[in-house]
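To keep things clear, I will list the structure first and then write my remarks on it.
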Amino acid sequence: MLVIFAPLMLAIAAMIWWVDGGRVVYRHERVGRNGTRFMCLKFRTMISNADEVLHDLLANDARARAEWEMGRKLKDDPRILRTVGHFLRRSSLDELPQIWNVLRGDMSIVGPRPVVRDELKLYGEWASLYLSVRPGLTGPWQVGGRSDTTYEHRVLLDVDYIRSWRLAHDLRIVALTALMLVRGKGAY
C-alpha cells in the first residue's frame, strides 16, 4: 500500500506545505491495544494554531460547544486549512500516513477508530473491550455513518464490531470503505 500511494502522498504533502507551510504530518497521541499509547499520523488539515482557535471557540460559542460535546467534531470547523484541508477530510486521504502505524503494529487495517485517552470515558463499561484490540485505519464507524452519527452510536458500532469479529466482516468493511471514500459521504 505504501508503494502504491507514495506518489499521491508526496503530492498531498506538497499541497499542504504550499498552502500553509510548516509540517505536513500531524502526530497525535492515541491509545491502542492494551492501553499502549502511540503517535497516530495524519496529514495536517488544520491551521498551525488550531488548539488555540478551538479553545477560544468553545469558550465563546455555546452552539459550537454543544456540537463538540455531542460528537467531538464541528461541521463548520474554522481550523480547517482552506481548500486542501476540506478535500483531504472529505476524501479521508488525510489518514494515508496511518499506513506507517499499521506497519509499526500500532494499528490494523480494520478496527475501531483510534481514540485519545480522554475519550475512553465515553466508552464507559466498554472501555476494556475497546482496549482489547488494535484500532483500525478503517472500521465500522467509517462505513456506518462517519461524521453523520453521534458518539454514542460510534461506541456501539465499535462494540458490536469487536464482539462479533469475522474476517468476512473485515473484507466487507474494506469494500464499503472504498465506496464511502469515492462518495465522500458523511466526512467533514
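Lettering and numbering for the C-alpha cells are positional, with chains as A, B, ... in the shown order, residues counted from 1 in each chain, and ligands counted from 1 in the shown order.
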- Item | Shell of 9 Å around Thr36 (chain A), only C-alpha atoms, local chain residues under 6 positions omitted, as a PyMOL selection string | chain A and resi 30+106+131
Can you tell me, as a PDB file with C-alpha atoms, in the first residue's frame, what residues are no more than 12 Å from Val159 (chain A) when counting only C-alpha atoms, ignoring any on the same chain fewer than 3 positions away?
```
ATOM      1  CA  GLY A 111     -10.708  -1.996  13.703  1.00  0.00           C
ATOM      2  CA  PRO A 112     -12.345   0.581  15.935  1.00  0.00           C
ATOM      3  CA  ARG A 113     -11.487   4.240  15.446  1.00  0.00           C
ATOM      4  CA  TYR A 123     -16.848   4.072  26.140  1.00  0.00           C
ATOM      5  CA  GLY A 124     -17.929   3.552  29.757  1.00  0.00           C
ATOM      6  CA  GLU A 125     -18.220  -0.140  30.593  1.00  0.00           C
ATOM      7  CA  TRP A 126     -16.920  -0.985  27.102  1.00  0.00           C
ATOM      8  CA  ALA A 127     -13.504   0.711  27.508  1.00  0.00           C
ATOM      9  CA  SER A 128     -11.713  -2.548  28.366  1.00  0.00           C
ATOM     10  CA  LEU A 129     -13.292  -4.234  25.334  1.00  0.00           C
ATOM     11  CA  TYR A 130     -12.079  -1.359  23.139  1.00  0.00           C
ATOM     12  CA  LEU A 131      -8.562  -1.755  24.556  1.00  0.00           C
ATOM     13  CA  SER A 132      -8.531  -5.473  23.721  1.00  0.00           C
ATOM     14  CA  VAL A 133      -7.944  -4.812  20.004  1.00  0.00           C
ATOM     15  CA  GLY A 139     -13.673   0.328  10.619  1.00  0.00           C
ATOM     16  CA  PRO A 140     -17.353   0.199  11.449  1.00  0.00           C
ATOM     17  CA  TRP A 141     -17.640   3.938  12.119  1.00  0.00           C
ATOM     18  CA  GLU A 152     -22.757   7.064  21.391  1.00  0.00           C
ATOM     19  CA  HIS A 153     -23.612   5.339  18.101  1.00  0.00           C
ATOM     20  CA  ARG A 154     -19.931   5.230  17.224  1.00  0.00           C
ATOM     21  CA  VAL A 155     -19.205   3.418  20.507  1.00  0.00           C
ATOM     22  CA  LEU A 156     -21.980   0.911  19.782  1.00  0.00           C
ATOM     23  CA  ILE A 162     -15.299  -6.280  18.404  1.00  0.00           C
ATOM     24  CA  ARG A 163     -17.836  -8.692  19.887  1.00  0.00           C
ATOM     25  CA  SER A 164     -18.774 -10.215  16.523  1.00  0.00           C
ATOM     26  CA  TRP A 165     -15.434 -10.065  14.665  1.00  0.00           C
TER      27      TRP A 165
END
```
- Task: Tell me, as a PyMOL selection string, which residues lie within 8 Å of Phe43 (chain A), counting only C-alpha atoms; anything in the same chain fewer than 3 positions away does not count.
- Result: chain A and resi 12-13+24-26+93-97
- Message: Set the distance at 8 Å and use only C-alpha atoms: which residues neighbour Gly85 (chain A) once local chain neighbours fewer than 6 positions away are removed? I'd like the list as a PyMOL selection string.
- Response: chain A and resi 16+44-46
Give me a file of those residues, with N, CA, C and O atoms, as a PDB file, in the first residue's frame.
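Written out: result_22.pdb:
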```
ATOM      1  N   ILE A  16      -0.093  20.733   1.074  1.00  0.00           N
ATOM      2  CA  ILE A  16      -0.202  21.262   2.434  1.00  0.00           C
ATOM      3  C   ILE A  16       0.891  22.285   2.682  1.00  0.00           C
ATOM      4  O   ILE A  16       0.641  23.370   3.208  1.00  0.00           O
ATOM      5  N   ARG A  44      -1.674  16.909   7.960  1.00  0.00           N
ATOM      6  CA  ARG A  44      -2.221  18.054   8.680  1.00  0.00           C
ATOM      7  C   ARG A  44      -3.287  18.727   7.829  1.00  0.00           C
ATOM      8  O   ARG A  44      -3.037  19.108   6.693  1.00  0.00           O
ATOM      9  N   THR A  45      -4.477  18.865   8.382  1.00  0.00           N
ATOM     10  CA  THR A  45      -5.591  19.510   7.685  1.00  0.00           C
ATOM     11  C   THR A  45      -6.029  20.792   8.377  1.00  0.00           C
ATOM     12  O   THR A  45      -6.975  21.435   7.937  1.00  0.00           O
ATOM     13  N   MET A  46      -5.353  21.138   9.468  1.00  0.00           N
ATOM     14  CA  MET A  46      -5.746  22.317  10.236  1.00  0.00           C
ATOM     15  C   MET A  46      -4.633  23.363  10.262  1.00  0.00           C
ATOM     16  O   MET A  46      -3.471  23.049  10.048  1.00  0.00           O
TER      17      MET A  46
END
```
- For Arg72 (chain A): contacts at 10 Å, only C-alpha atoms, fewer than 6 positions along chain excluded, given as a PyMOL selection string: chain A and resi 65-66+119+147+150-151
- Message: Using DSSP assignments from the backbone, pull out every residue in region 60-105 of chain A that falls under helix (DSSP H, G or I) and give it to me as number ranges by chain.
- Response: A: 60, 62-71, 84-91, 93-95, 98-104
- Task: Using DSSP on the backbone coordinates, identify the residues of chain A assigned to strand (DSSP E); present them as an MDAnalysis selection string.
- Result: chainID A and resid 25:31 37:43 108:110 136:138
- Within 8 Å of Ile173 (chain A) using only C-alpha atoms, minus same-chain residues under 4 positions, as a ChimeraX atom specification: /A:110,138-140,143,169,177
- Item | All residues 10 Å or closer to region 2-4 of chain A, only C-alpha atoms, same chain fewer than 3 positions away omitted, as a list in words |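 Here the answer would be Pro7, Leu8, Met9, Leu96, Pro97, Gln98, Ile99, Trp100 and Leu103 of chain A.
Distance-wise, CA of Lys42 (chain A) and CA of Arg23 (chain A) end up 11.0 Å apart.
Candidate residues A:Leu181, A:Leu137, A:Ala168, A:Leu120 were compared for distance to Val31 (chain A), and the nearest is A:Leu120, using only C-alpha atoms.
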- State, in Å with one decimal place, the distance from CA of Leu167 (chain A) to CA of Pro114 (chain A).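 We find that CA of Leu167 (chain A) and CA of Pro114 (chain A) lie 19.9 Å from each other.
Picture a line from CA of Arg33 (chain A) to CA of Arg104 (chain A); it runs 13.0 Å.
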